[in-house]
Structure formats: structure tokens, C-alpha cells
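Here the structure comes first, spelled out in C-alpha cells, and everything after it is commentary.
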Amino acid sequence: MQPTFVLVHGAFANSFSFAPLQAELGLLGHRSVAVDLPGHGFAADFPRAYQAPQDPEALATAPGSIRGATLADNAAYLIGILERARRNGPVILVSHSRGGITATAAANARPELIDRLVYVSAWCPVALDAGAYYAEPEMATVDTASLAAAMAGNPAELGLLRTNFRTADPTALAAFKAAFLADGTDQEFLAFLNTFQPDESLDAGTSADRAQAATWGRIPKTYVRLTDDTSLPLALQDRLIREGDELTPDNPYDVRTLAGSHLKWLVAPAPAARLLGELAALLDAPEGLDLAGTGAPPTGTELPVHH
């Protein structure tokens with residue numbers, strides 16, 4: 001049975017960023033669904049002060065509806081999508097960046113709905129909470145101060161993270177490009193930047209939301225390393241892979257590698273689409289597939305490890 005790719009976006013992003021990848025997947029004959037987590041996509045807030053000409057003072061205080069949104073909300077919404085998708089056959093859950101935290105939470109809760117997990121330079125906390133990794137040596141090269149320069153308002157007062165992606169400040173724009181799409185053209189960078197939304201939820205999970213061996217750990221999983229990613233460095237990606245393998249040594253990651261920055265695989269998605277197609281081709285439809293998503297967890301074909 002043909003699997004469905006369920007695609008989960010990262011922070012400040014939405015389903016729109018997956019459109020080129022979905023086009024490539026569709027042309028290869030694959031079915032895919034791009035998710036907008038709560039408060040994202042057409043449910044996102046774009047305060048009037050965010051429009052040109054901008055009003056920085058008003059932007060710093062304008063309320064946002066994503067305030068109070070939790071990781072549990074994201075996971076519950078994703079689980080609803082997975083339940084519907086799995087009625088049509090196997091499901092391959094693909095997450096990017098912060099979307100990996102939501103994918104991990106859903107996998108912890110409902111592993112029987114997922115036939116393969118795919119993390120593309122995505123967060124899958126194992127030994128530490130997601131935020132704690134920023135103090136680790138693997139994240140030492142990330143210039144968080146330069147990115148914070150575009151932050152609008154006080155997160156503690158707003159109850160959310162707000163970033164002014166429509167800034168014209170050349171220093172801030174250079175920092176964004178270096179972090180997300182250093183290997184793209186200025187045109188590609190600005191086009192992608194304008195798909196971002198200004199607000200993101202504060203909740204990135206707790207120790208209870210880390211990968212759990214008994215549930216998450218029994219799902220076949222792939223980690224796609226992005227070699228030139230500077231916002232989630234390769235050293236940190238490799239650490240997450242290593243920690244996941246230590247948690248479930250009998251079910252290690254199938255590791256794949258793509259060249260490029262944090263966003264390049266979405267701007268030029270043909271290599272990623274081919275890679276995902278390989279995973280779909282090697283995924284056996286489990287015998288006695290439970291299309292209602294209520295039975296025993298399926299087992300996918302084990303893949304060789306590629307570094």
C-alpha cells in the first residue's frame with residue numbers, strides 16, 4: 001500500500017514551505033500531507049504593526065493568539081492527522097527543525113500510527129531538554145545573539161516568541177541568511193523569509209517529552225543530516241543520532257546525508273524527494289495493517305545505515 005508522507009514544519013514556519021517538496025514528491029508518484037500546527041499557516045497572527053510601514057513599539061506589545069499554545073496541543077493535533085492518514089495505509093512522519101519535538105511527542109504517545117520516523121536536521125531530545133542543548137559544546141558555533149537582535153517584545157510579557165522577519169536591518173538580514181540559507185541566493189532567501197510568521201509558542205517540552213524507548217524507540221527511524229546547517233550544526237545532529245542509538249541500540253537510526261543548509265533542501269527539494277522515495281520503496285506494508293490505528297505497532301523494513 002502506498003504510504004503517506006506527513007510533513008511537520010519547524011519554528012515560525014508552516015505548511016507553505018513544503019510546497020516545492022510536495023511537488024517533487026507528487027511527480028515521483030508519492031502522496032503527502034503538509035501540516036500546519038496550531039497557530040500556524042492561515043491561523044497565524046500578522047499584527048497590523050508588522051505591515052509596512054512598521055510600528056516597532058506597537059509590534060512589541062500586540063497580543064498574539066499563539067500565546068499559551070503548548071507542545072501537547074501540537075502533538076494532539078498531529079495525532080489527529082496521523083489517525084486520518086493511516087486509514088489510507090502506512091505513514092511516514094517527516095519533521096524538520098523544531099518540528100522534531102512535536103513528532104517525538106506524537107511518537108511517544110501513539111507509536112502504532114507511525115511506520116517510519118524521519119528527522120531532517122530536526123530536534124529529537126534524548127539526554128537533555130531541547131533548550132538545554134544550547135549550552136552544550138555542539139551548539140557553540142550558533143550565534144544566538146545575532147538572531148535575537150530581530151526579536152520583538154519581551155517573550156515573558158507577550159507569552160510567545162516574536163521575531164520581526166520583515167526587518168530591513170542589513171545586519172539582521174545577514175544573520176538570518178547565514179543561519180538558514182547561506183548557500184542560497186538573496187532572492188531565494190528573501191522569498192523564504194517572507195513565508196515565515198512572526199509568532200511562535202514558548203513551549204518546547206520538558207523531560208517528559210524526550211524520546212521514550214518503550215514507544216518512540218520501537219518505530220523504525222531515519223535521521224537525515226544536513227552537512228552545512230549552521231542553525232542546528234552537524235555536530236549536534238550527530239549527537240542526537242548517537243543519543244537515540246544509545247537509547248534503542250536494537251533499533252538504531254538509518255542515517256542519510258544531504259549537502260546544504262537548514263533550508264536548502266526545501267528550496268531545491270529534488271534530492272530530498274528522491275531520498276524520501278527510497279524510504280517509501282523500502283517500507284513494507286505491515287501484515288495485517290490496522291487502518292484504524294488502534295492495534296499493535298507495525299514494523300517497517302529495516303534499512304542499511306548510510307553515513
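Ligands are numbered from 1 in the order shown, residues from 1 within each chain, and chains are lettered A, B, ... in the order they appear in the C-alpha cells.
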
Once DSSP has gone over the backbone, tell me which residues of segment 33-280 of chain A are in helix (DSSP H, G or I), as a PyMOL selection string.
-> chain A and resi 41-43+48-50+56-59+71-86+99-109+111-113+130-135+137-139+144-148+155-158+170-180+186-193+207-209+216-218+234-247+264-267+270-280

Mind checking which residues fall within 10 Å of Pro271 of chain A, counting only C-alpha atoms, ignoring those fewer than 6 positions away in the same chain, and posting them as a ChimeraX atom specification?
-> /A:21,24,258-259,265,277

Which polymer residues have any atom within 10 Å of an atom of segment 192-194 of chain A, counting only C-alpha atoms, with same-chain residues fewer than 3 positions away left out, as an MDAnalysis selection string?
-> chainID A and resid 12:13 16:17 165:166 173 176:177 180:181 186:189 197:198 263 266:267

Near segment 66-76 of chain A, counting only C-alpha atoms, which residues have an atom at most 8 Å away, once you skip same-chain residues fewer than 6 positions from it, shown as a ChimeraX atom specification?
-> /A:37-39,44-45,102-103,105-106,158-160,199-205

Extract, using only C-alpha atoms, all DNA, RNA and protein residues at most 10 Å from Gln212 of chain A, discarding same-chain residues fewer than 4 positions from it, and format them as a list in words.
->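 Here the answer would be Thr104, Ala105, Ala107, Asn108, Ala109, Pro125, Val126, Ala208, Trp216, Gly217, Arg218, Gly244, Leu247 and Thr248 of chain A.
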
Using DSSP on the backbone coordinates, identify all residues within segment 48-116 of chain A classified as strand (DSSP E or B); present the result as a count of residues only.
-> 8

Return the single residue from A:Tyr50, A:Ala145, A:Glu57, A:Thr185 that is closest to Thr171 of chain A, with distances computed using only C-alpha atoms.
->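 Closest to Thr171 of chain A, using only C-alpha atoms: A:Ala145.
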
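Neighbours of Asp245 of chain A closer than or equal to 12 Å, with only C-alpha atoms counted and sequence neighbours fewer than 4 positions away skipped, come out as Cys124, Val126, Ala127, Ala211, Gln212, Ala213, Trp216, Gly217, Arg218, Pro220, Lys221, Thr222, Tyr223, Asp238, Arg239, Leu240, Ile241, Pro249, Asp250, Asn251, Pro252, Tyr253, Asp254, Val255 and Val305 of chain A.
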
Pick the closest to Ala235 of chain A from A:Ala280, A:Ala272, A:Met139, A:Ala182: which is it, counting only C-alpha atoms?
->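 Smallest distance to Ala235 of chain A is found for A:Met139.
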
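Proximity to Leu128 of chain A was assessed for A:Ala270, A:Asp228, A:Ile219, A:Asp209 counting only C-alpha atoms; the smallest distance is recorded for A:Asp209.
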
Quick one, how far is atom CA of Leu7 of chain A from atom CA of Leu147 of chain A?
->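 Here the two named atoms are 25.6 Å from each other.
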
Find, counting only C-alpha atoms, the residue in A:Gly29, A:Ala178, A:Gln2, A:Gln51 that gets nearest to Val142 of chain A.
->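 For Val142 of chain A, the nearest of the given residues is A:Ala178.
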
Which residue gives the smallest distance to Gln54 of chain A among A:Ala172, A:Thr227, A:Asp183, A:Ala152, with only C-alpha atoms counted?
-> A:Ala152

Interatomic distance (Å, one decimal) between atom CA of Leu117 of chain A and atom CA of Arg86 of chain A = 13.9 Å
